[in-house]
Amino acid sequence: MTNVFDNILGLIGNTPMVKLNEVTKDIPAKVYAKIESFNPGHSTKDRIALHIIEAAERKGLLTPGATIVETTSGNTGFSIAMVSIIKGYKCILSVSDKTKPEKIAYLKALGATVYVCPASVPADDPRSYYEVAKKIAAETPNSIYINQYFNELNIDAHYSSTGPEIWEQTEGKITHLFACTGTGGTLSGSAKFLKEKNPDIKIIGVDADGSILKTYHETGEIDPSEIHSYQIEGLGKNLIPSALLFDRIDHFVRVNDEMSAYCTREIALKEAIMGGYTTGAVLQALRQYANANPFSENDLVVLIFPDHGSRYITKVYSDKWMEEQGFINNCVHNYEEVFKT
Ligand code: PMP
């Protein structure tokens with residue numbers, strides 16, 4: 001039987017690449033998007049959840065009925081919950097009280113136990129979602145704490161899957177890779193593999209306005225005055241993750257909420273690809289980079305599209321939300337326009 005799997009985990013990885021045509025018209029290079037929403041949990045995080053849990057199994061750290069703990073309200077939580085169901089583990093997640101109710105419902109529907117913690121306390125406060133997760137992991141026998149920002153297996157997951165897939169899919173012709181950096185795992189692991197194959201491949205990280213990663217890459221210093229809140233979820237950070245291999249990254253581009261939102265909507269409208277907010281961020285980064293470093297027609301660029309737009313229907317795909325942010329919304333038309341002559 002072909003294309004038949006023992007369970008949903010068999011679908012993780014081997015995601016397709018799609019050529020971008022309309023949104024990259026002004027760029028002479030060939031640009032392909034690697035669409036990670038084709039993973040069964042609809043994001044790139046399926047790869048790390050499976051990889052980290054199976055590594056722990058191999059080390060004998062997990063026996064039947066074990067518990068997987070992580071602090072996340074995002075894609076990693078969905079992926080860990082999915083893997084836990086199939087493997088018969090309990091999944092405990094701590095999230096901040098800013099997490100939208102629909103996300104908590106989604107995590108609970110996948111069998112996770114969710115602890116909601118105050119967002120307003122510092123990270124080292126015992127009530128913070130970091131400390132709550134650490135305490136649960138420390139006090140629960142037969143458990144592991146995924147700790148994606150400081151787990152080198154996060155890099156390894158992409159070194160052993162995403163990187164080789166990109167190399168094979170482009171038949172080794174890739175010249176530039178762009179990805180958003182949150183934990184840094186996706187870009188670092190892929191870059192580590194690709195630079196081993198061809199050190200000339202340019203690796204470009206995408207950071208958020210409000211995050212410290214770009215400046216740290218350039219100066220080795222953390223500039224606390226750069227830290228402020230922003231709307232794009234999943235990229236940028238106010239600390240330095242060890243899953244981010246700064247020495248494999250050639251350049252960082254910083255993007256903002258407004259342009260990334262337009263780009264996300266533009267990709268949906270012109271390429272018919274519903275991606276998450278960081279999908280627009282990576283397109284914005286490509287355009288900014290291209291302005292300063294023109295591409296040639298021999299270049300082959302890969303952008304990682306990390307997750308699916310269905311998670312952002314009440315955010316970047318909501319006209320009301322766009323208006324509330326003060327973003328001009330050219331994306332939809334009022335029905336009254338049809339009656340205008
Ligand atoms: N985009 C989204 C939507 C994400 O959830 C993440 C993960 N935080 C990223 C991009 C960045 O991936 P990584 O953590 O591997 O750097």
# chains A, B, ... in the order shown; residues from 1 in each chain; ligands from 1
call {"tool": "closest_atom_pairs", "arguments": {"of": "chain A", "to": "ligand 1", "cutoff": "8 Å", "atoms": "only C-alpha atoms and all ligand atoms", "output": "Markdown table"}}
result
| residue | atom | partner | partner_atom_place_in_ligand_line | distance |
| --- | --- | --- | --- | --- |
| A:Ser43 | CA | ligand 1 | 5 (O) | 7.5 |
| A:Thr44 | CA | ligand 1 | 12 (O) | 7.4 |
| A:Lys45 | CA | ligand 1 | 7 (C) | 7.0 |
| A:Gly74 | CA | ligand 1 | 5 (O) | 5.9 |
| A:Asn75 | CA | ligand 1 | 5 (O) | 5.1 |
| A:Thr76 | CA | ligand 1 | 5 (O) | 7.1 |
| A:Gln148 | CA | ligand 1 | 14 (O) | 7.8 |
| A:Tyr149 | CA | ligand 1 | 14 (O) | 7.5 |
| A:Asn154 | CA | ligand 1 | 15 (O) | 7.6 |
| A:Ala179 | CA | ligand 1 | 11 (C) | 7.4 |
| A:Cys180 | CA | ligand 1 | 10 (C) | 5.0 |
| A:Thr181 | CA | ligand 1 | 16 (O) | 3.6 |
| A:Gly182 | CA | ligand 1 | 16 (O) | 3.6 |
| A:Thr183 | CA | ligand 1 | 14 (O) | 3.6 |
| A:Gly184 | CA | ligand 1 | 16 (O) | 3.3 |
| A:Gly185 | CA | ligand 1 | 15 (O) | 3.9 |
| A:Thr186 | CA | ligand 1 | 15 (O) | 3.7 |
| A:Leu187 | CA | ligand 1 | 16 (O) | 6.3 |
| A:Ser188 | CA | ligand 1 | 15 (O) | 8.0 |
| A:Glu233 | CA | ligand 1 | 3 (C) | 6.0 |
| A:Gly234 | CA | ligand 1 | 4 (C) | 3.7 |
| A:Leu235 | CA | ligand 1 | 11 (C) | 5.3 |
| A:Leu244 | CA | ligand 1 | 16 (O) | 7.5 |
| A:Gly276 | CA | ligand 1 | 3 (C) | 6.0 |
| A:Tyr277 | CA | ligand 1 | 3 (C) | 6.6 |
| A:Thr278 | CA | ligand 1 | 1 (N) | 5.0 |
| A:Thr279 | CA | ligand 1 | 1 (N) | 7.4 |
| A:Phe305 | CA | ligand 1 | 1 (N) | 7.5 |
| A:Pro306 | CA | ligand 1 | 1 (N) | 5.0 |
| A:Asp307 | CA | ligand 1 | 3 (C) | 5.5 |
call {"tool": "residues_around", "arguments": {"residues": "Lys270 (chain A)", "least_positions_apart": "3", "cutoff": "8 Å", "atoms": "only C-alpha atoms", "output": "list in words"}}
result
Glu22, Val23, Glu266 and Ile267 of chain A
call {"tool": "write_last_selection", "arguments": {"atoms": "N, CA and C atoms", "output": "mmCIF file, in the first residue's frame"}}
result
data_model
loop_
_atom_site.group_PDB
_atom_site.id
_atom_site.type_symbol
_atom_site.label_atom_id
_atom_site.label_comp_id
_atom_site.auth_asym_id
_atom_site.auth_seq_id
_atom_site.Cartn_x
_atom_site.Cartn_y
_atom_site.Cartn_z
ATOM 1 N N GLU A 22 3.935 35.320 -7.890
ATOM 2 C CA GLU A 22 3.436 36.701 -7.924
ATOM 3 C C GLU A 22 4.128 37.601 -6.906
ATOM 4 N N VAL A 23 4.304 37.103 -5.671
ATOM 5 C CA VAL A 23 4.825 37.996 -4.614
ATOM 6 C C VAL A 23 6.321 38.259 -4.768
ATOM 7 N N GLU A 266 -0.924 39.251 1.661
ATOM 8 C CA GLU A 266 -0.589 39.268 0.233
ATOM 9 C C GLU A 266 -0.280 37.852 -0.274
ATOM 10 N N ILE A 267 0.408 37.073 0.550
ATOM 11 C CA ILE A 267 0.725 35.688 0.141
ATOM 12 C C ILE A 267 -0.571 34.884 -0.024
#
call {"tool": "residues_around", "arguments": {"residues": "Val255 (chain A)", "least_positions_apart": "6", "cutoff": "9 Å", "atoms": "only C-alpha atoms", "output": "mmCIF file with N, CA and C atoms, in the first residue's frame"}}
result
data_model
loop_
_atom_site.group_PDB
_atom_site.id
_atom_site.type_symbol
_atom_site.label_atom_id
_atom_site.label_comp_id
_atom_site.auth_asym_id
_atom_site.auth_seq_id
_atom_site.Cartn_x
_atom_site.Cartn_y
_atom_site.Cartn_z
ATOM 1 N N VAL A 206 15.546 35.899 10.478
ATOM 2 C CA VAL A 206 14.560 36.977 10.541
ATOM 3 C C VAL A 206 14.209 37.221 12.002
ATOM 4 N N ASP A 207 14.455 38.456 12.452
ATOM 5 C CA ASP A 207 14.225 38.852 13.840
ATOM 6 C C ASP A 207 13.114 39.905 13.858
ATOM 7 N N ALA A 208 12.521 40.108 15.045
ATOM 8 C CA ALA A 208 11.420 41.077 15.150
ATOM 9 C C ALA A 208 11.917 42.396 15.719
ATOM 10 N N ASP A 209 11.281 43.473 15.280
ATOM 11 C CA ASP A 209 11.488 44.766 15.914
ATOM 12 C C ASP A 209 10.960 44.623 17.350
ATOM 13 N N ALA A 281 6.372 37.613 7.641
ATOM 14 C CA ALA A 281 7.638 38.173 8.155
ATOM 15 C C ALA A 281 8.807 37.751 7.268
ATOM 16 N N VAL A 282 8.807 36.504 6.840
ATOM 17 C CA VAL A 282 9.947 36.017 6.048
ATOM 18 C C VAL A 282 9.917 36.630 4.635
ATOM 19 N N GLN A 284 8.729 39.687 4.034
ATOM 20 C CA GLN A 284 9.199 41.058 4.262
ATOM 21 C C GLN A 284 10.731 41.079 4.342
ATOM 22 N N ALA A 285 11.274 40.098 5.031
ATOM 23 C CA ALA A 285 12.738 40.015 5.186
ATOM 24 C C ALA A 285 13.417 39.822 3.828
ATOM 25 N N GLN A 288 13.417 43.164 2.013
ATOM 26 C CA GLN A 288 14.378 44.115 2.583
ATOM 27 C C GLN A 288 15.808 43.726 2.202
#
call {"tool": "closest_atom_pairs", "arguments": {"of": "region 127-183 of chain A", "to": "region 101-119 of chain A", "cutoff": "12 Å", "atoms": "only C-alpha atoms", "output": "JSON lines"}}
result
{"residue": "A:Arg127", "atom": "CA", "partner": "A:Cys117", "partner_atom": "CA", "distance": 6.4}
{"residue": "A:Ser128", "atom": "CA", "partner": "A:Cys117", "partner_atom": "CA", "distance": 5.9}
{"residue": "A:Tyr129", "atom": "CA", "partner": "A:Cys117", "partner_atom": "CA", "distance": 5.4}
{"residue": "A:Tyr130", "atom": "CA", "partner": "A:Cys117", "partner_atom": "CA", "distance": 9.2}
{"residue": "A:Glu131", "atom": "CA", "partner": "A:Cys117", "partner_atom": "CA", "distance": 9.7}
{"residue": "A:Val132", "atom": "CA", "partner": "A:Cys117", "partner_atom": "CA", "distance": 7.9}
{"residue": "A:Ala133", "atom": "CA", "partner": "A:Tyr115", "partner_atom": "CA", "distance": 8.7}
{"residue": "A:Ile136", "atom": "CA", "partner": "A:Tyr115", "partner_atom": "CA", "distance": 10.3}
call {"tool": "residues_around", "arguments": {"residues": "Met322 (chain A)", "least_positions_apart": "5", "cutoff": "12 Å", "atoms": "only C-alpha atoms", "output": "list in words"}}
result
Gln231, Asp257, Glu258, Met259, Ser260, Ala261, Tyr262, Thr264, Arg265, Tyr312, Ile313, Thr314, Lys315, Val316, Tyr317, Phe327, Ile328, Asn329, Asn330, Cys331 and Val332 of chain A
call {"tool": "closest_residue", "arguments": {"among": "A:Ile144, A:Ala268, A:Ala66, A:Lys135", "to": "Ser94 (chain A)", "atoms": "only C-alpha atoms"}}
result
A:Lys135
call {"tool": "closest_residue", "arguments": {"among": "A:Asn147, A:Ser79, A:Ser161, A:Gln169", "to": "Ile8 (chain A)", "atoms": "only C-alpha atoms"}}
result
A:Ser79
